[in-house]
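Notes to accompany the following structure.
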Amino acid sequence: MIETSLRLDAQRRLADAGTTDVVVGIPTYKHARTLARVIKTVAEGLARDLRGLGTMLAIVDGGSPDDTLAVANQTPIPSNVKRLVTSYQGVQGKGSAVRGIFEIARAVRARVIVILEADLQSISPDWVERLARPILENQYQLAIPHYLRPLPDGAMTDLLAYPITRLLYGADVRQPMGGEYALSAELAHRFAARDVWETDVARHGVDIWLTTVAINENVKVCQVRLGVKLDDSRELQLSFDPTFVQAIGTLFRMMDIYKRRWHQAQQSRNVPYFGNGAVRQPATPWIPSVSTAALSDAFVAGSRRYARLWRTALTPSTRNAIRELSEAPDGATRFGAKLWARTVYDFATVYNQGEGDPDKVVAALLPLYFARCATIMRETALEPNAVELTVQEQAKHFAIEKPYLVQLWDTYVPWAWEGVR
C-alpha cells in the first residue's frame, strides 16, 4: 500500500495550513458542472452554523480532464473558510480521495471530518452542521445520513445494501451506502491505516465498507435526518456499470469477512437518530431517470449475455424461475421479492466461494437487479410511500430467506450444479 495518497504539493501546503476544527472533504472527478453550487452551499453553512470554529474545505480530485479544478479553486467562499484543492495518487476512485481527505484532516488536527458528494442538487447549508454536531459534541464517532432517494438512483441501497446490513449485522441503518457522513479524527485515522486502499474500497466501495466496519466493530454510530437527496444522476449504464460492480463487490466481500457474526443469532443493534431533522415523503411520485422498458430490455439482453454464468451461479430452482421470466413478454416487471432475495444470496455465495472472476459475478447480477427495479417501478408507480413500504417488505424477505443463505453458504461446492444443465 502506498504510504500517502497526497501529492507532494499538497503536503507542502498543509505544512503551512495550521490547525482547524472541521474539515469538509469533497471527492471530485469531472464535476465541473455541479461543483460550484455544492462549494457555495457548504461554505455558507460553515460560515453561518460553525462560527467560532476553524473550518477547511478540502477538494480532492481524481485527475479530472474538464474544468473541475478551476471551479474548485475559483468559486468564491468566505475568507474565514480555508480551502485546499489537490489531486490524489493511487487507485482511481472515490475511496482514494476519501483517504486523502482523512490525511488532510490529520495534518491540520481536525476534530471532525465531513464527506460530501460533488453532484448534490438537494444539499442545504445546514447539512454540514447536522452531520458534524454529533461528533463535535463527543456523543458519536460516526454520523451517517438518513434521507429519501428516488428509484432507480437509490436502488443499490434499497435492494442490496439496506436489507443485507439490516439482516446480517442487526443494524437498521437505512442508508448504509450513503455518500455523505461525518466521523471523528480518531476513527478517520483508524480507517486510513487499514490495508484496503488498493482494493475496490479505493474505487467506489468506501461508503459501504466504512459503515459495515463501524457496525461490526462497535463504533458509536448515529443517523442524521437530512430530508430528500437528489443528485445530478449519472446516466445509468445498462450493459456494464463499474460503480455497481465495485460497490456491490465490496458489500459481498464484507459478508465473508464478518461471516461469523451473521452465522450466529444476531441481536438487533440500535442506531439512534441525532437531532430533529425530518424526512417528509414527497407529495408527488418520483420522476424516473430511466424507463421500465429500458430496464426490461437490459434484463432480456443480460439473459443472453450471462446465460452461462447464471447457470453456474444460480441454484436450479432460482435459475428456472428467472428463465421463465426472461422468456415472458412482461417478465422483467414480475421479479418478486422472494426470488430477488434468493438471487442475491446465490450471487453473494458464488462471489466469495466460487472459482470464477468475482467482478464478472457481480456484473452478471446487474440485469437481474434491473428487473427487480422495473418490478417495483410498475408496482408502486414510484409513489414515495409505496416505494418505501416495498423496500421494507423486501427487507423482510431477506430475513425470511436467511436459512437458505446459511445452508447454501455452508454446503456450497464450486460448479456443483454444472451436471444438472
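Ordering of the C-alpha cells sets the chain letters (A, B, ...); residue numbers start at 1 within each chain; ligands are numbered from 1 in the order shown.
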7 Å contact set for region 83-89 of chain A, only C-alpha atoms, chain neighbours under 3 positions out, as a list in words: Ser5, Leu6, Arg7, Ala10, Met56, Leu57, Ala58, Ile59, Val60, Asp61, Gly62, Gly63, Ala72, Asn73, Ala97 and Gly100 of chain A
Long-range neighbours of region 192-195 of chain A as a PyMOL selection string, 12 Å cut-off, only C-alpha atoms, 4 positions minimum in chain: chain A and resi 1-5+95-106+185-188+199-202+206+209-210+213
Take the residues from that selection and write them out as a PDB file, in the first residue's frame, keeping C-alpha atoms.
ATOM      1  CA  MET A   1       0.000   0.000   0.000  1.00  0.00           C
ATOM      2  CA  ILE A   2       1.315   3.462  -0.864  1.00  0.00           C
ATOM      3  CA  GLU A   3       2.323   5.440   2.230  1.00  0.00           C
ATOM      4  CA  THR A   4       0.303   8.538   1.319  1.00  0.00           C
ATOM      5  CA  SER A   5      -2.353   9.379  -1.210  1.00  0.00           C
ATOM      6  CA  GLY A  95     -12.149   5.837  -1.864  1.00  0.00           C
ATOM      7  CA  SER A  96      -8.676   7.110  -2.696  1.00  0.00           C
ATOM      8  CA  ALA A  97      -9.982  10.674  -2.494  1.00  0.00           C
ATOM      9  CA  VAL A  98     -11.587   9.952   0.880  1.00  0.00           C
ATOM     10  CA  ARG A  99      -8.313   8.554   2.148  1.00  0.00           C
ATOM     11  CA  GLY A 100      -6.631  11.764   1.016  1.00  0.00           C
ATOM     12  CA  ILE A 101      -9.212  13.801   2.937  1.00  0.00           C
ATOM     13  CA  PHE A 102      -8.512  11.735   6.046  1.00  0.00           C
ATOM     14  CA  GLU A 103      -4.800  12.529   5.671  1.00  0.00           C
ATOM     15  CA  ILE A 104      -5.508  16.241   5.255  1.00  0.00           C
ATOM     16  CA  ALA A 105      -7.657  16.225   8.384  1.00  0.00           C
ATOM     17  CA  ARG A 106      -4.924  14.545  10.379  1.00  0.00           C
ATOM     18  CA  ALA A 185     -10.477  12.273  13.788  1.00  0.00           C
ATOM     19  CA  GLU A 186      -9.616   9.137  15.736  1.00  0.00           C
ATOM     20  CA  LEU A 187     -11.904   6.971  13.613  1.00  0.00           C
ATOM     21  CA  ALA A 188     -10.650   8.512  10.369  1.00  0.00           C
ATOM     22  CA  THR A 199      -8.946  -2.759  -3.429  1.00  0.00           C
ATOM     23  CA  ASP A 200     -12.464  -1.831  -4.565  1.00  0.00           C
ATOM     24  CA  VAL A 201     -12.747   0.192  -1.351  1.00  0.00           C
ATOM     25  CA  ALA A 202     -10.454   2.718  -3.040  1.00  0.00           C
ATOM     26  CA  VAL A 206     -15.684   3.056   0.501  1.00  0.00           C
ATOM     27  CA  TRP A 209     -17.098  -0.599   3.708  1.00  0.00           C
ATOM     28  CA  LEU A 210     -16.905   2.207   6.239  1.00  0.00           C
ATOM     29  CA  VAL A 213     -16.761  -1.980   9.630  1.00  0.00           C
TER      30      VAL A 213
END
Region 324-329 of chain A surroundings by only C-alpha atoms, 8 Å radius, close-in-sequence under 5 positions cut, as a PyMOL selection string: chain A and resi 299-300+303+334-335
Nearest residue to Val23 (chain A) from the set A:Arg149, A:Tyr162, A:Ser184, A:Val38 (distances using only C-alpha atoms): A:Ser184
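Comparing A:Val344, A:Ala337, A:Ala363, A:Ile215 by their smallest distance to Gly302 (chain A), the closest is A:Ala363 (using only C-alpha atoms).
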Near-region 163-180 of chain A list (9 Å; only C-alpha atoms; drop same-chain fewer than 4 positions) as a PyMOL selection string: chain A and resi 114-117+131+143-148+156-159+205-212+215-216+222-223+247+251+255+258-259+261-263+266-271+391-392+394-399+402
Residue set, region 181-246 of chain A restricted to strand (DSSP E or B), as a count of residues only: 13
Backbone DSSP call of helix (DSSP H, G or I) for region 154-357 of chain A, listed as a VMD selection string: chain A and resid 155 to 169 185 to 192 200 to 202 206 to 216 242 to 257 259 to 263 292 to 305 307 to 313 316 to 327 331 to 333 337 to 353
Separation of CA of Ala341 (chain A) from CA of Ser289 (chain A), in Å and rounded to one decimal: 24.5 Å
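In this comparison, which uses only C-alpha atoms, the residue of A:Arg319, A:His204, A:Lys360, A:Arg111 approaching Val91 (chain A) most closely is A:His204.
Among A:Arg305, A:His31, A:Arg372, A:Lys229, the residue with the shortest atom-to-atom distance to Ala118 (chain A), counting only C-alpha atoms, is A:His31.
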Non-local contacts of Tyr140 (chain A) (9 Å; only C-alpha atoms; under 3 positions in same chain excluded) as a PyMOL selection string: chain A and resi 134-137+143+183-184+219-222
Taking C-alpha atoms for each residue, export the selection above as a compact mmCIF listing (two decimals), in the first residue's frame.
# COMPACT_ATOMS: atom_id res chain seq x y z
CA PRO A 134 -22.82 14.55 16.92
CA ILE A 135 -19.04 14.30 16.59
CA LEU A 136 -18.29 17.78 17.90
CA GLU A 137 -20.37 17.03 21.00
CA ALA A 143 -22.80 10.06 11.72
CA LEU A 183 -16.56 10.92 11.55
CA SER A 184 -14.17 11.68 14.35
CA VAL A 219 -18.15 2.13 16.75
CA LYS A 220 -20.67 4.58 18.19
CA VAL A 221 -22.88 5.34 15.18
CA CYS A 222 -25.90 7.59 14.77
Residue contacts of Thr34 (chain A) (10 Å, only C-alpha atoms) excluding same-chain residues fewer than 5 positions away, as JSON, numbers by chain: {"A": [39, 68, 71, 118, 119, 120, 121, 231, 232]}
Write out, as a PDB file, in the first residue's frame, the residues just selected, with C-alpha atoms.
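Result saved to result38.pdb:
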ATOM      1  CA  ILE A  39     -18.993  24.609  -2.688  1.00  0.00           C
ATOM      2  CA  THR A  68     -13.264  20.735 -12.141  1.00  0.00           C
ATOM      3  CA  VAL A  71     -14.083  25.588 -10.479  1.00  0.00           C
ATOM      4  CA  ALA A 118     -19.830  16.808  -5.550  1.00  0.00           C
ATOM      5  CA  ASP A 119     -23.030  16.401  -7.559  1.00  0.00           C
ATOM      6  CA  LEU A 120     -25.641  17.105  -4.884  1.00  0.00           C
ATOM      7  CA  GLN A 121     -28.667  19.079  -6.035  1.00  0.00           C
ATOM      8  CA  ASP A 231     -28.153  14.465  -7.234  1.00  0.00           C
ATOM      9  CA  ASP A 232     -27.041  15.059 -10.771  1.00  0.00           C
TER      10      ASP A 232
END
